[in-house]
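Participant: For reference, the structure I am asking about is given below.
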Amino acid sequence: MTFPSATALRTFDAAARCGSFKAAAEDLGVSPTAVSHQIRGLEAQLGFALFVRGTRRIDLTDEGERLAGATGPAFGQIGAVLAELAGEQALTLTTTPAFATLWLVPRLRDFETAHKGIKVHVETSLHPVDLARDRRIDLAIRYGVTGAREGSHTGTFGETFGIYAAPALAGGLNPLKPAELMETRWRERALPPASWADWFSAWGSEIVSGSSIRVFEDEQHIISAALAGQGLALLSGLLVEDHVTRGWLVPIEPNKTLPGLGYALHTHETKRHLPKVRAFSRWITDQLTASI
């Protein structure tokens, strides 16, 4: 059998990843008609169908599934090697806005200093990214995600929630006195919140009469309110680590914390063994272990 052209195989791979000819066309920078033409030609050459065409979607046939299992890793590895040969040691990762701003970005210079030639590009999103479809992403760091929906799971790092306040207020406030109490309710409602109700229940007390609870949807906003001296904030010890180190926030009742969820590292199987991914995974694992 004559070996199919690289263009035909690359077009097939894009369609298999994206789940539609239109999305594959956008990914490749060509027209949907060109994608359809390449797929039809490839199917004619091979002698069997690769996709089942539906009204709104396409699905891989059994033969298509087998071929996609080969083209995905192959093109991923070729792309990675070409990037290394060209000296393009850029690592792209995705994570939540709060983790990026409050914990990761302040530490990236240390990684890039220790690993000359690797530049880290950070993208933020509140929603998981499909690492099989978006090959730009080398690594995903997600909160509360412990499954494999974002690719190969490489570790989970837990956290705890504690009470923090601005230094000027720290001496006169505690949760057992009337105060303004601040907490976060995640925009992703499927994630269980760390609430003041949980804290009082865990430590055998009740909210004091005269206290009020103020709810935020963004950890950065609640930290800003705490820095402004607006009350007691129930916060991730990991995300406020730098603020505490610099003396901007002070822990209140430091021995009374709540368990949080975890930050999980994910990468696609085709990128797990790339030197840049392995280097960053080792580095961030050491950093998170030290912080937690």
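All residue names refer to the structure tokens as shown: chains lettered A, B, ... in order, residues numbered from 1 in each chain, ligands numbered from 1 in order.
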Enumerate, in order of chain and increasing residue number, the residues of range 89-110 of chain A with an atom no farther than 12 Å from range 283-292 of chain A, each with its shortest atom pair and distance in Å to one decimal, counting only C-alpha atoms, as a tab-separated table.

Facilitator:
residue	atom	partner	partner_atom	distance
A:Phe99	CA	A:Leu288	CA	11.6
A:Trp103	CA	A:Leu288	CA	9.6
A:Leu104	CA	A:Ile284	CA	8.8
A:Val105	CA	A:Ile284	CA	11.7
A:Pro106	CA	A:Gln287	CA	12.0
A:Arg107	CA	A:Gln287	CA	8.9
A:Leu108	CA	A:Ile284	CA	9.6
A:Asp110	CA	A:Trp283	CA	9.6

Participant: Take the selection from the previous step and output its residues with C-alpha atoms, as a PDB file, in the first residue's frame.

Facilitator:
ATOM      1  CA  PHE A  99      -3.140  30.242  41.496  1.00  0.00           C
ATOM      2  CA  TRP A 103       1.452  31.685  43.828  1.00  0.00           C
ATOM      3  CA  LEU A 104       2.943  30.684  40.477  1.00  0.00           C
ATOM      4  CA  VAL A 105       3.960  33.896  38.688  1.00  0.00           C
ATOM      5  CA  PRO A 106       5.997  35.298  41.623  1.00  0.00           C
ATOM      6  CA  ARG A 107       8.122  32.120  41.521  1.00  0.00           C
ATOM      7  CA  LEU A 108       8.612  31.685  37.770  1.00  0.00           C
ATOM      8  CA  ASP A 110      13.436  31.135  39.940  1.00  0.00           C
TER       9      ASP A 110
END

Participant: Determine, counting only C-alpha atoms, which protein, DNA and RNA residues have an atom within 10 Å of an atom of Thr71 in chain A; residues of the same chain fewer than 3 positions away are not included. Present the result as a list in words.

Facilitator: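 Counting only C-alpha atoms, the residues come to Leu9, Arg10, Phe12, Asp13, Ala14, Ala16, Arg66, Leu67, Ala68, Ala74, Phe75, Gly76 and Gln77 of chain A.
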
Participant: Keeping only all heavy atoms, take the residues you just selected and write them out as a JSON list (two decimals), in the first residue's frame.

Facilitator:
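That gives us out-v5.json:
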[["chain", "number", "residue", "atom", "x", "y", "z"],
["A", 9, "LEU", "N", -2.55, 12.79, 6.60],
["A", 9, "LEU", "CA", -2.53, 12.26, 7.96],
["A", 9, "LEU", "C", -2.66, 13.38, 8.99],
["A", 9, "LEU", "O", -3.33, 13.21, 10.02],
["A", 9, "LEU", "CB", -1.24, 11.48, 8.19],
["A", 9, "LEU", "CG", -1.13, 10.16, 7.43],
["A", 9, "LEU", "CD1", 0.26, 9.55, 7.62],
["A", 9, "LEU", "CD2", -2.20, 9.18, 7.91],
["A", 10, "ARG", "N", -2.02, 14.50, 8.74],
["A", 10, "ARG", "CA", -2.12, 15.63, 9.67],
["A", 10, "ARG", "C", -3.54, 16.17, 9.69],
["A", 10, "ARG", "O", -4.06, 16.55, 10.75],
["A", 10, "ARG", "CB", -1.14, 16.73, 9.24],
["A", 10, "ARG", "CG", -1.09, 17.93, 10.19],
["A", 10, "ARG", "CD", 0.12, 18.78, 9.91],
["A", 10, "ARG", "NE", 0.13, 19.99, 10.72],
["A", 10, "ARG", "CZ", -0.23, 21.18, 10.29],
["A", 10, "ARG", "NH1", -0.63, 21.34, 9.04],
["A", 10, "ARG", "NH2", -0.19, 22.23, 11.08],
["A", 12, "PHE", "N", -6.28, 14.42, 9.03],
["A", 12, "PHE", "CA", -7.06, 13.43, 9.77],
["A", 12, "PHE", "C", -6.86, 13.59, 11.28],
["A", 12, "PHE", "O", -7.82, 13.55, 12.05],
["A", 12, "PHE", "CB", -6.66, 12.01, 9.35],
["A", 12, "PHE", "CG", -7.09, 10.96, 10.33],
["A", 12, "PHE", "CD1", -8.41, 10.53, 10.39],
["A", 12, "PHE", "CD2", -6.18, 10.43, 11.24],
["A", 12, "PHE", "CE1", -8.81, 9.59, 11.34],
["A", 12, "PHE", "CE2", -6.56, 9.49, 12.18],
["A", 12, "PHE", "CZ", -7.89, 9.08, 12.23],
["A", 13, "ASP", "N", -5.61, 13.75, 11.68],
["A", 13, "ASP", "CA", -5.31, 13.88, 13.10],
["A", 13, "ASP", "C", -6.02, 15.08, 13.71],
["A", 13, "ASP", "O", -6.57, 15.00, 14.81],
["A", 13, "ASP", "CB", -3.80, 14.00, 13.30],
["A", 13, "ASP", "CG", -3.42, 14.11, 14.75],
["A", 13, "ASP", "OD1", -3.64, 13.15, 15.51],
["A", 13, "ASP", "OD2", -2.91, 15.18, 15.15],
["A", 14, "ALA", "N", -6.04, 16.20, 13.00],
["A", 14, "ALA", "CA", -6.70, 17.40, 13.49],
["A", 14, "ALA", "C", -8.21, 17.16, 13.62],
["A", 14, "ALA", "O", -8.84, 17.56, 14.60],
["A", 14, "ALA", "CB", -6.43, 18.58, 12.57],
["A", 16, "ALA", "N", -9.71, 14.29, 14.04],
["A", 16, "ALA", "CA", -9.94, 13.34, 15.14],
["A", 16, "ALA", "C", -9.85, 14.04, 16.49],
["A", 16, "ALA", "O", -10.64, 13.77, 17.39],
["A", 16, "ALA", "CB", -8.92, 12.20, 15.06],
["A", 66, "ARG", "N", -8.19, 3.51, 15.75],
["A", 66, "ARG", "CA", -6.85, 2.90, 15.75],
["A", 66, "ARG", "C", -5.83, 3.82, 15.09],
["A", 66, "ARG", "O", -4.71, 3.97, 15.59],
["A", 66, "ARG", "CB", -6.89, 1.55, 15.03],
["A", 66, "ARG", "CG", -7.67, 0.47, 15.78],
["A", 66, "ARG", "CD", -7.56, -0.86, 15.06],
["A", 66, "ARG", "NE", -6.18, -1.33, 14.99],
["A", 66, "ARG", "CZ", -5.79, -2.41, 14.31],
["A", 66, "ARG", "NH1", -6.68, -3.10, 13.61],
["A", 66, "ARG", "NH2", -4.52, -2.77, 14.31],
["A", 67, "LEU", "N", -6.22, 4.44, 13.99],
["A", 67, "LEU", "CA", -5.29, 5.34, 13.32],
["A", 67, "LEU", "C", -5.01, 6.58, 14.16],
["A", 67, "LEU", "O", -3.86, 7.04, 14.26],
["A", 67, "LEU", "CB", -5.85, 5.75, 11.96],
["A", 67, "LEU", "CG", -4.94, 6.64, 11.09],
["A", 67, "LEU", "CD1", -3.60, 5.94, 10.84],
["A", 67, "LEU", "CD2", -5.62, 6.99, 9.77],
["A", 68, "ALA", "N", -6.04, 7.12, 14.81],
["A", 68, "ALA", "CA", -5.86, 8.30, 15.67],
["A", 68, "ALA", "C", -4.94, 7.99, 16.85],
["A", 68, "ALA", "O", -4.18, 8.85, 17.31],
["A", 68, "ALA", "CB", -7.21, 8.80, 16.17],
["A", 74, "ALA", "N", 2.42, 10.44, 17.43],
["A", 74, "ALA", "CA", 3.48, 10.66, 16.44],
["A", 74, "ALA", "C", 3.65, 12.14, 16.12],
["A", 74, "ALA", "O", 4.77, 12.67, 16.15],
["A", 74, "ALA", "CB", 3.16, 9.88, 15.15],
["A", 75, "PHE", "N", 2.55, 12.82, 15.82],
["A", 75, "PHE", "CA", 2.66, 14.25, 15.50],
["A", 75, "PHE", "C", 3.06, 15.06, 16.72],
["A", 75, "PHE", "O", 3.77, 16.07, 16.60],
["A", 75, "PHE", "CB", 1.35, 14.76, 14.90],
["A", 75, "PHE", "CG", 1.19, 14.45, 13.44],
["A", 75, "PHE", "CD1", 0.23, 13.54, 13.01],
["A", 75, "PHE", "CD2", 2.00, 15.04, 12.49],
["A", 75, "PHE", "CE1", 0.08, 13.24, 11.67],
["A", 75, "PHE", "CE2", 1.87, 14.75, 11.14],
["A", 75, "PHE", "CZ", 0.91, 13.84, 10.73],
["A", 76, "GLY", "N", 2.62, 14.64, 17.89],
["A", 76, "GLY", "CA", 3.03, 15.34, 19.10],
["A", 76, "GLY", "C", 4.52, 15.27, 19.33],
["A", 76, "GLY", "O", 5.18, 16.26, 19.65],
["A", 77, "GLN", "N", 5.08, 14.08, 19.14],
["A", 77, "GLN", "CA", 6.51, 13.90, 19.34],
["A", 77, "GLN", "C", 7.32, 14.61, 18.25],
["A", 77, "GLN", "O", 8.37, 15.21, 18.54],
["A", 77, "GLN", "CB", 6.84, 12.41, 19.35],
["A", 77, "GLN", "CG", 6.30, 11.69, 20.57],
["A", 77, "GLN", "CD", 6.44, 10.19, 20.47],
["A", 77, "GLN", "OE1", 7.11, 9.67, 19.58],
["A", 77, "GLN", "NE2", 5.80, 9.47, 21.39]]

Participant: One decimal, Å: what's the distance from CA of Leu50 in chain A over to CA of Ala15 in chain A, could you say?

Facilitator: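 Interatomic distance, CA of Leu50 in chain A to CA of Ala15 in chain A: 10.3 Å.
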
Participant: Please give the complete set of residues from range 154-255 of chain A that DSSP, run on the backbone, assigns to helix (DSSP H, G or I), formatted as a list of chain:residue names.

Facilitator: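 Secondary structure check on range 154-255 of chain A, helix (DSSP H, G or I): A:Pro167, A:Ala168, A:Leu169, A:Ala170, A:Trp196, A:Ala197, A:Asp198, A:Trp199, A:Phe200, A:Ser201, A:Ala202, A:Glu219, A:Gln220, A:His221, A:Ile222, A:Ile223, A:Ser224, A:Ala225, A:Ala226, A:Leu227, A:Glu241, A:Asp242, A:His243, A:Val244, A:Thr245.
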
Participant: Which residues are close to Ser205 in chain A, i.e. within 12 Å by only C-alpha atoms, leaving aside same-chain residues fewer than 2 positions away? Reply as a list of chain:residue names.

Facilitator: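 So, after excluding close chain neighbours, the residues are A:Pro175, A:Leu176, A:Lys177, A:Trp196, A:Ala197, A:Asp198, A:Trp199, A:Phe200, A:Ser201, A:Ala202, A:Trp203, A:Ile207, A:Val208, A:Lys256.
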
Participant: Please measure the separation of CA of Arg56 in chain A and CA of Cys18 in chain A, giving the value in Å to one decimal.

Facilitator: 13.2 Å

Participant: Give me, as a list in words, all polymer residues having an atom no more than 12 Å from Ala190 in chain A, counting only C-alpha atoms and skipping those fewer than 2 positions away in the same chain.

Facilitator: His127, Tyr143, Gly144, Val145, Arg185, Trp186, Arg187, Glu188, Pro192 and Pro193 of chain A

Participant: For the atom pair CA of Gly158 in chain A and CA of Pro259 in chain A, what is the interatomic distance in Å to one decimal place?

Facilitator: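 Distance between the two atoms: 7.9 Å.
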
Participant: So which residues touch Gly117 in chain A within 10 Å, counting only C-alpha atoms, skipping near sequence neighbours fewer than 2 positions away, as a PyMOL selection string?

Facilitator: chain A and resi 87-90+112-115+119-120+276

Participant: May I have the selected residues written with N, CA, C and O atoms, as a PDB file, in the first residue's frame?

Facilitator:
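Dumped to out-v9.pdb:
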ATOM      1  N   GLY A  87      15.396  25.409  18.882  1.00  0.00           N
ATOM      2  CA  GLY A  87      15.729  26.203  20.052  1.00  0.00           C
ATOM      3  C   GLY A  87      14.540  26.887  20.687  1.00  0.00           C
ATOM      4  O   GLY A  87      14.701  27.834  21.454  1.00  0.00           O
ATOM      5  N   GLU A  88      13.358  26.421  20.384  1.00  0.00           N
ATOM      6  CA  GLU A  88      12.142  27.032  20.927  1.00  0.00           C
ATOM      7  C   GLU A  88      11.725  26.304  22.198  1.00  0.00           C
ATOM      8  O   GLU A  88      10.821  25.477  22.206  1.00  0.00           O
ATOM      9  N   GLN A  89      12.403  26.562  23.270  1.00  0.00           N
ATOM     10  CA  GLN A  89      12.114  25.914  24.530  1.00  0.00           C
ATOM     11  C   GLN A  89      11.086  26.728  25.315  1.00  0.00           C
ATOM     12  O   GLN A  89      11.362  27.280  26.366  1.00  0.00           O
ATOM     13  N   ALA A  90       9.876  26.767  24.760  1.00  0.00           N
ATOM     14  CA  ALA A  90       8.783  27.457  25.439  1.00  0.00           C
ATOM     15  C   ALA A  90       7.850  26.419  26.034  1.00  0.00           C
ATOM     16  O   ALA A  90       7.479  25.452  25.368  1.00  0.00           O
ATOM     17  N   GLU A 112      13.028  29.848  35.662  1.00  0.00           N
ATOM     18  CA  GLU A 112      13.707  30.222  34.429  1.00  0.00           C
ATOM     19  C   GLU A 112      15.180  30.515  34.660  1.00  0.00           C
ATOM     20  O   GLU A 112      16.010  30.308  33.761  1.00  0.00           O
ATOM     21  N   THR A 113      15.536  30.977  35.847  1.00  0.00           N
ATOM     22  CA  THR A 113      16.946  31.192  36.178  1.00  0.00           C
ATOM     23  C   THR A 113      17.677  29.865  36.295  1.00  0.00           C
ATOM     24  O   THR A 113      18.815  29.718  35.847  1.00  0.00           O
ATOM     25  N   ALA A 114      16.992  28.869  36.882  1.00  0.00           N
ATOM     26  CA  ALA A 114      17.612  27.556  37.072  1.00  0.00           C
ATOM     27  C   ALA A 114      17.600  26.724  35.796  1.00  0.00           C
ATOM     28  O   ALA A 114      18.377  25.769  35.669  1.00  0.00           O
ATOM     29  N   HIS A 115      16.715  27.070  34.848  1.00  0.00           N
ATOM     30  CA  HIS A 115      16.598  26.298  33.606  1.00  0.00           C
ATOM     31  C   HIS A 115      16.716  27.261  32.419  1.00  0.00           C
ATOM     32  O   HIS A 115      15.721  27.653  31.821  1.00  0.00           O
ATOM     33  N   LYS A 119      11.356  29.176  28.573  1.00  0.00           N
ATOM     34  CA  LYS A 119      10.482  30.283  28.915  1.00  0.00           C
ATOM     35  C   LYS A 119       9.067  29.746  29.151  1.00  0.00           C
ATOM     36  O   LYS A 119       8.554  28.973  28.348  1.00  0.00           O
ATOM     37  N   VAL A 120       8.460  30.173  30.237  1.00  0.00           N
ATOM     38  CA  VAL A 120       7.143  29.669  30.611  1.00  0.00           C
ATOM     39  C   VAL A 120       6.076  30.685  30.230  1.00  0.00           C
ATOM     40  O   VAL A 120       6.154  31.861  30.596  1.00  0.00           O
ATOM     41  N   LYS A 276      11.449  19.536  28.941  1.00  0.00           N
ATOM     42  CA  LYS A 276      10.933  20.766  29.554  1.00  0.00           C
ATOM     43  C   LYS A 276       9.769  20.482  30.489  1.00  0.00           C
ATOM     44  O   LYS A 276       9.634  21.124  31.546  1.00  0.00           O
TER      45      LYS A 276
END

Participant: So that I can see what lies close to Val215 in chain A, please list as a PyMOL selection string the residues with an atom at most 6 Å from it, counting only C-alpha atoms and leaving out residues fewer than 6 positions away in the same chain.

Facilitator: chain A and resi 182-184

Participant: Env of Asp134 in chain A: 9 Å cut, atoms = only C-alpha atoms, seq-sep filter 4 positions within chain, self excluded. Answer as a ChimeraX atom specification.

Facilitator: /A:17-18,129-130

Participant: Could you write out the selected residues, including N, CA and C atoms, as a JSON list (two decimals), in the first residue's frame?

Facilitator:
[["chain", "number", "residue", "atom", "x", "y", "z"],
["A", 17, "ARG", "N", -8.89, 14.95, 16.64],
["A", 17, "ARG", "CA", -8.74, 15.68, 17.90],
["A", 17, "ARG", "C", -9.89, 16.65, 18.13],
["A", 18, "CYS", "N", -10.27, 17.36, 17.09],
["A", 18, "CYS", "CA", -11.23, 18.46, 17.23],
["A", 18, "CYS", "C", -12.67, 17.99, 17.20],
["A", 129, "VAL", "N", -9.05, 22.34, 30.30],
["A", 129, "VAL", "CA", -8.68, 22.38, 28.89],
["A", 129, "VAL", "C", -8.47, 20.94, 28.41],
["A", 130, "ASP", "N", -8.95, 20.65, 27.20],
["A", 130, "ASP", "CA", -8.75, 19.34, 26.61],
["A", 130, "ASP", "C", -7.34, 19.27, 26.03]]
